[in-house]
Each structure stands twice: as structure tokens, then as C-alpha cells.
Amino acid sequence: MSEAKVQPKRSGLTRTQRRSLSRGAQYVVFVGALVALGLSADWGRLKNQFAQWDIAEQMFPDVITLALKNTVLYTLTGFAVGLVLGMVIALMRLSSVGPYRWVAGVYIEIFRGLPALLIFIFIGVAVPLAFPGTEIPGGTYGKVALALGLVAAAYMAETIRAGIQAVPKGQMEAARSLGFSPARAMISIIIPQAFRIILPPLTNELVLLFKDSSLVLFLGVTLEERELSKFGRDLASQTANSTPILVAGLCYLLVTIPLGFVVRRMEAKAQEAVK
């Protein structure tokens, strides 16, 4: 008599149920890890070092009216310089003239490869040494705008170039058939459509610049020119407490979180438009 084959027992759970069970187990492990981390932390010492509200109160209103205002001003001026320069570099990169493409390519590779810190040091130290008596217009604000703009332009140039190339070629052909010159067609037809495509990554670049503005401290700013990081670090040194650092970080989040939300909304609308 042949022995009957033993059939493996099934769990009785569907694939969806097993997936849900696995996901629930992962949530439990994650929450358990957070609870264990929270219970092991010394919240008393953290509160004493980072949450002294009497110190935090001393920062207002200067942390908003001075530090945050300067940070926003540095970011916007740097973004404006980067956008204009990035547009020029992008058009040079797309040019049919070889030397223009080479210059644009070298610029992009250099300024994308160098840390932003070195660019700030170069603007603050190397330029005055190379050109004695030369002053960058705007003082510290002009130096920060130039430094941030040089860094941002390298990234924006590639973003703008990609946006221009994403516009269907038929748009240029249609504009030329209507009597537009190549330059006018590029300015009136191609570039506006390209900017609708690249608006989310440009907004993301604005967020990155907002954080990079903290490097202004390497230019030697005055008390009235301090941005959030410098402002928080100075007060932390004066009070021997890290609460000012925490408050400065929260002020960064007041700007970066809404901007991040705007970027995600733009990306979602762009994907819906494609569909």
C-alpha cells in the first residue's frame, strides 16, 4: 500500500491579510522603539539645556524682526541672482556656439562640485585680496547674494536647461511659422512653458538656499546683519545654554515646512496635468 502524501497546511489567511498583518507588526515594532527611546532619554537634562523659556523670551522680537528678516532677505536676493545667472548659463549650455557651451559646462561642474562654504570664503577673502579697494555693492548683503547666487546658478542652470528641452519642439516650429525670431520665440513661448515645468524644483532650491544662508557668519557680519544661525549661536554662548539654538531651528522650520508643502502640492498638480 502506497503511503498518502502529506499536504502542507495552509494558514487560511489571504495575501492581503498577511500583508496587513506584516504591516501591523512593523508599526508595533516602530512604536515600541520610539517608546523605548523616549523612556531611556534624560528629559530633565534636555529641558535644562534646550527649553529654558525665560531665555527664549529674551530672543523676541529680535529673532523675528532681525535674524529671520535677514535670513529671508539673504535667501531672496541670492535666489534672484542665481535665477538670472542660471538662465544665462542654461541658454549658453544650449547654444550652438561651442565656446559658450564649454564655458557654461565648466562653470556648472566647478560650482556644483565645490562646497558652498568655500564659495563664501572665496567671496569674503579671495576677492578683496585679488582686487584691492574693490567693494561688492550692498556690503554684506551683496556678498551673501553673490555667494548664494553663484552656488544656486549652477543647479538652476541645469534645471532650466532640462525644462527648456522638455518643451515639445513643435512649439518652436509653430512660433517660427508665425514669424517669430528664434530669440523672441524662446522668450515668449518656450521659457514661460519651461518655467511651469520646473517651478517645483526651483522652489525646492529656494528651501536649500534658505538653509545655506547660515554660512553668512564666515563673512564677518555685524550685530545688525546676523541671520538665524549666527543670532542663535551668539546668544547660546552668552547664556551658556542651547535654548537659542532650538528657537533658531524652529524659526527655520516656520519657513521650510510651508515651502516644502508648496513644493509637494506643485509636484502633485504637475503629475495630474501629465495624466
# chains A, B, ... in the order shown; residues from 1 in each chain; ligands from 1
call {"tool": "closest_atom_pairs", "arguments": {"of": "range 33-108 of chain A", "to": "range 204-221 of chain A", "cutoff": "7 Å", "atoms": "only C-alpha atoms", "output": "Markdown table"}}
result
| residue | atom | partner | partner_atom | distance |
| --- | --- | --- | --- | --- |
| A:Thr71 | CA | A:Ser213 | CA | 6.4 |
| A:Tyr74 | CA | A:Ser213 | CA | 6.5 |
| A:Thr75 | CA | A:Phe210 | CA | 5.2 |
| A:Phe79 | CA | A:Leu206 | CA | 6.6 |
call {"tool": "select_by_dssp", "arguments": {"residues": "range 78-236 of chain A", "states": "helix (DSSP H, G or I)", "output": "ChimeraX atom specification"}}
result
/A:78-93,98-113,116-130,139-166,169-177,182-219,223-225,228-236
call {"tool": "residues_around", "arguments": {"residues": "Lys143 in chain A", "least_positions_apart": "6", "cutoff": "9 Å", "atoms": "only C-alpha atoms", "output": "PyMOL selection string"}}
result
chain A and resi 120+123-124+136-137+216+219
call {"tool": "residues_around", "arguments": {"residues": "Tyr141 in chain A", "least_positions_apart": "5", "cutoff": "9 Å", "atoms": "only C-alpha atoms", "output": "VMD selection string"}}
result
chain A and resid 70 73 to 74 77 146 225
call {"tool": "atom_distance", "arguments": {"atom1": "CA of Ala90 in chain A", "atom2": "CA of Ile160 in chain A"}}
result
6.2 Å
call {"tool": "residues_around", "arguments": {"residues": "Met172 in chain A", "least_positions_apart": "3", "cutoff": "9 Å", "atoms": "only C-alpha atoms", "output": "number ranges by chain"}}
result
A: 167-169, 175-177, 180, 182, 185-186, 189-190
call {"tool": "write_last_selection", "arguments": {"atoms": "all heavy atoms", "output": "compact mmCIF listing (two decimals), in the first residue's frame"}}
result
# COMPACT_ATOMS: atom_id res chain seq x y z
N VAL A 167 10.08 71.11 -23.27
CA VAL A 167 9.02 71.72 -24.08
C VAL A 167 9.06 71.09 -25.47
O VAL A 167 10.13 71.00 -26.08
CB VAL A 167 9.22 73.25 -24.17
CG1 VAL A 167 8.16 73.87 -25.09
CG2 VAL A 167 9.16 73.87 -22.79
N PRO A 168 7.94 70.62 -25.98
CA PRO A 168 7.94 69.97 -27.31
C PRO A 168 8.55 70.87 -28.38
O PRO A 168 8.31 72.08 -28.41
CB PRO A 168 6.45 69.72 -27.57
CG PRO A 168 5.82 69.66 -26.22
CD PRO A 168 6.60 70.61 -25.36
N LYS A 169 9.34 70.27 -29.26
CA LYS A 169 9.99 71.04 -30.32
C LYS A 169 8.99 71.69 -31.25
O LYS A 169 9.29 72.70 -31.89
CB LYS A 169 10.93 70.12 -31.11
CG LYS A 169 12.11 69.61 -30.31
CD LYS A 169 13.04 68.76 -31.17
CE LYS A 169 14.23 68.27 -30.35
NZ LYS A 169 15.14 67.43 -31.18
N ALA A 175 6.02 78.64 -33.50
CA ALA A 175 6.32 80.06 -33.31
C ALA A 175 7.08 80.62 -34.51
O ALA A 175 6.80 81.75 -34.96
CB ALA A 175 7.13 80.25 -32.03
N ARG A 176 8.02 79.86 -35.05
CA ARG A 176 8.77 80.33 -36.22
C ARG A 176 7.86 80.47 -37.44
O ARG A 176 8.02 81.40 -38.24
CB ARG A 176 9.91 79.36 -36.53
CG ARG A 176 11.00 79.28 -35.48
CD ARG A 176 11.66 80.63 -35.25
NE ARG A 176 12.15 81.21 -36.48
CZ ARG A 176 13.33 80.91 -37.04
NH1 ARG A 176 14.13 80.05 -36.42
NH2 ARG A 176 13.71 81.47 -38.16
N SER A 177 6.89 79.56 -37.55
CA SER A 177 5.97 79.65 -38.69
C SER A 177 5.08 80.87 -38.61
O SER A 177 4.55 81.34 -39.63
CB SER A 177 5.11 78.38 -38.76
OG SER A 177 4.24 78.30 -37.64
N PHE A 180 7.91 84.53 -35.66
CA PHE A 180 8.73 84.85 -34.50
C PHE A 180 10.20 84.57 -34.82
O PHE A 180 10.52 83.57 -35.48
CB PHE A 180 8.33 84.02 -33.29
CG PHE A 180 7.07 84.47 -32.62
CD1 PHE A 180 5.83 84.29 -33.21
CD2 PHE A 180 7.11 85.08 -31.37
CE1 PHE A 180 4.67 84.69 -32.60
CE2 PHE A 180 5.95 85.48 -30.73
CZ PHE A 180 4.73 85.29 -31.35
N PRO A 182 14.00 83.41 -33.55
CA PRO A 182 14.36 82.41 -32.53
C PRO A 182 14.43 82.98 -31.12
O PRO A 182 13.97 82.34 -30.17
CB PRO A 182 15.73 81.92 -33.01
CG PRO A 182 15.72 82.15 -34.48
CD PRO A 182 14.93 83.40 -34.69
N ALA A 185 10.86 83.81 -29.91
CA ALA A 185 10.13 82.56 -29.64
C ALA A 185 10.59 81.94 -28.33
O ALA A 185 9.78 81.44 -27.54
CB ALA A 185 10.32 81.57 -30.79
N MET A 186 11.90 82.01 -28.07
CA MET A 186 12.43 81.45 -26.83
C MET A 186 11.89 82.22 -25.62
O MET A 186 11.47 81.62 -24.62
CB MET A 186 13.96 81.50 -26.85
CG MET A 186 14.63 80.98 -25.60
SD MET A 186 14.34 79.21 -25.30
CE MET A 186 15.34 78.50 -26.62
N ILE A 189 7.57 82.11 -25.86
CA ILE A 189 6.86 80.83 -25.96
C ILE A 189 7.52 79.73 -25.12
O ILE A 189 6.87 79.09 -24.29
CB ILE A 189 6.77 80.38 -27.44
CG1 ILE A 189 6.14 81.47 -28.30
CG2 ILE A 189 5.99 79.08 -27.53
CD1 ILE A 189 4.72 81.84 -27.93
N ILE A 190 8.81 79.51 -25.33
CA ILE A 190 9.48 78.34 -24.75
C ILE A 190 9.75 78.52 -23.26
O ILE A 190 9.39 77.67 -22.44
CB ILE A 190 10.79 78.05 -25.50
CG1 ILE A 190 10.53 77.89 -26.99
CG2 ILE A 190 11.45 76.80 -24.92
CD1 ILE A 190 9.56 76.79 -27.34
call {"tool": "atom_distance", "arguments": {"atom1": "CA of Phe30 in chain A", "atom2": "CA of Thr16 in chain A"}}
result
21.0 Å
call {"tool": "residues_around", "arguments": {"residues": "range 48-58 of chain A", "least_positions_apart": "5", "cutoff": "6 Å", "atoms": "only C-alpha atoms", "output": "list in words"}}
result
Asn241, Ser242 and Thr243 of chain A
call {"tool": "write_last_selection", "arguments": {"atoms": "N, CA, C and O atoms", "output": "mmCIF file, in the first residue's frame"}}
result
data_model
loop_
_atom_site.group_PDB
_atom_site.id
_atom_site.type_symbol
_atom_site.label_atom_id
_atom_site.label_comp_id
_atom_site.auth_asym_id
_atom_site.auth_seq_id
_atom_site.Cartn_x
_atom_site.Cartn_y
_atom_site.Cartn_z
ATOM 1 N N ASN A 241 23.704 78.261 27.283
ATOM 2 C CA ASN A 241 22.551 77.380 27.170
ATOM 3 C C ASN A 241 22.191 77.250 25.688
ATOM 4 O O ASN A 241 22.392 78.184 24.903
ATOM 5 N N SER A 242 21.662 76.087 25.314
ATOM 6 C CA SER A 242 21.360 75.813 23.904
ATOM 7 C C SER A 242 19.936 76.159 23.500
ATOM 8 O O SER A 242 19.539 75.871 22.374
ATOM 9 N N THR A 243 19.170 76.768 24.395
ATOM 10 C CA THR A 243 17.798 77.147 24.039
ATOM 11 C C THR A 243 17.750 78.063 22.818
ATOM 12 O O THR A 243 16.883 77.880 21.947
#
call {"tool": "residues_around", "arguments": {"residues": "Leu253 in chain A", "least_positions_apart": "5", "cutoff": "12 Å", "atoms": "only C-alpha atoms", "output": "compact mmCIF listing (two decimals) with all heavy atoms, in the first residue's frame"}}
result
# COMPACT_ATOMS: atom_id res chain seq x y z
N LEU A 68 15.42 86.53 11.51
CA LEU A 68 14.61 85.89 10.47
C LEU A 68 14.48 86.81 9.26
O LEU A 68 14.53 86.34 8.11
CB LEU A 68 13.24 85.52 11.02
CG LEU A 68 12.30 84.80 10.05
CD1 LEU A 68 12.93 83.52 9.54
CD2 LEU A 68 10.96 84.50 10.71
N VAL A 207 14.35 76.47 -0.82
CA VAL A 207 14.46 75.90 0.53
C VAL A 207 15.93 75.62 0.88
O VAL A 207 16.39 75.91 1.99
CB VAL A 207 13.63 74.60 0.63
CG1 VAL A 207 13.84 73.93 1.99
CG2 VAL A 207 12.15 74.89 0.41
N PHE A 210 17.72 78.79 1.65
CA PHE A 210 17.32 79.32 2.95
C PHE A 210 18.21 78.75 4.04
O PHE A 210 18.61 79.45 4.98
CB PHE A 210 15.86 79.00 3.21
CG PHE A 210 15.30 79.64 4.45
CD1 PHE A 210 15.00 80.98 4.48
CD2 PHE A 210 15.06 78.89 5.58
CE1 PHE A 210 14.48 81.58 5.62
CE2 PHE A 210 14.54 79.47 6.73
CZ PHE A 210 14.25 80.82 6.74
N LYS A 211 18.55 77.47 3.92
CA LYS A 211 19.42 76.85 4.92
C LYS A 211 20.88 77.24 4.71
O LYS A 211 21.63 77.44 5.67
CB LYS A 211 19.25 75.33 4.87
CG LYS A 211 17.86 74.86 5.28
CD LYS A 211 17.76 73.35 5.31
CE LYS A 211 17.91 72.75 3.93
NZ LYS A 211 17.72 71.27 3.95
N LEU A 228 19.70 83.79 11.35
CA LEU A 228 19.20 82.96 12.44
C LEU A 228 20.29 82.14 13.13
O LEU A 228 20.36 82.10 14.37
CB LEU A 228 18.11 82.03 11.90
CG LEU A 228 16.74 82.65 11.69
CD1 LEU A 228 15.82 81.69 10.94
CD2 LEU A 228 16.12 83.05 13.02
N LEU A 246 17.73 76.04 19.66
CA LEU A 246 16.45 75.40 19.39
C LEU A 246 15.45 76.40 18.81
O LEU A 246 14.75 76.09 17.85
CB LEU A 246 15.89 74.79 20.68
CG LEU A 246 14.50 74.15 20.58
CD1 LEU A 246 14.52 72.98 19.61
CD2 LEU A 246 14.01 73.70 21.94
N VAL A 247 15.39 77.59 19.38
CA VAL A 247 14.46 78.60 18.88
C VAL A 247 14.81 78.99 17.44
O VAL A 247 13.92 79.13 16.59
CB VAL A 247 14.47 79.85 19.79
CG1 VAL A 247 13.61 80.96 19.21
CG2 VAL A 247 13.99 79.48 21.19
N ALA A 248 16.10 79.13 17.15
CA ALA A 248 16.51 79.45 15.78
C ALA A 248 16.11 78.34 14.82
O ALA A 248 15.64 78.59 13.70
CB ALA A 248 18.02 79.68 15.73
N PRO A 258 6.28 75.15 5.39
CA PRO A 258 5.30 75.61 4.40
C PRO A 258 5.82 75.55 2.97
O PRO A 258 5.07 75.20 2.05
CB PRO A 258 5.02 77.05 4.84
CG PRO A 258 5.32 77.07 6.29
CD PRO A 258 6.48 76.15 6.46
N LEU A 259 7.10 75.89 2.76
CA LEU A 259 7.66 75.81 1.42
C LEU A 259 7.69 74.37 0.92
O LEU A 259 7.42 74.10 -0.25
CB LEU A 259 9.08 76.40 1.40
CG LEU A 259 9.18 77.92 1.30
CD1 LEU A 259 10.64 78.35 1.36
CD2 LEU A 259 8.53 78.43 0.03
N GLY A 260 8.03 73.44 1.80
CA GLY A 260 8.01 72.04 1.42
C GLY A 260 6.62 71.57 1.03
O GLY A 260 6.45 70.79 0.08
N PHE A 261 5.62 72.04 1.77
CA PHE A 261 4.23 71.70 1.44
C PHE A 261 3.87 72.26 0.06
O PHE A 261 3.20 71.59 -0.75
CB PHE A 261 3.30 72.27 2.50
CG PHE A 261 1.83 72.06 2.21
CD1 PHE A 261 1.24 70.83 2.40
CD2 PHE A 261 1.07 73.11 1.72
CE1 PHE A 261 -0.10 70.64 2.12
CE2 PHE A 261 -0.28 72.94 1.44
CZ PHE A 261 -0.86 71.69 1.64
call {"tool": "atom_distance", "arguments": {"atom1": "CA of Ser95 in chain A", "atom2": "CA of Pro115 in chain A"}}
result
27.8 Å
call {"tool": "closest_residue", "arguments": {"among": "A:Ser237, A:Ile191, A:Tyr100, A:Val144", "to": "Ile119 in chain A", "atoms": "only C-alpha atoms"}}
result
A:Val144
call {"tool": "closest_residue", "arguments": {"among": "A:Arg265, A:Arg233, A:Arg112, A:Arg18", "to": "Met156 in chain A", "atoms": "only C-alpha atoms"}}
result
A:Arg112
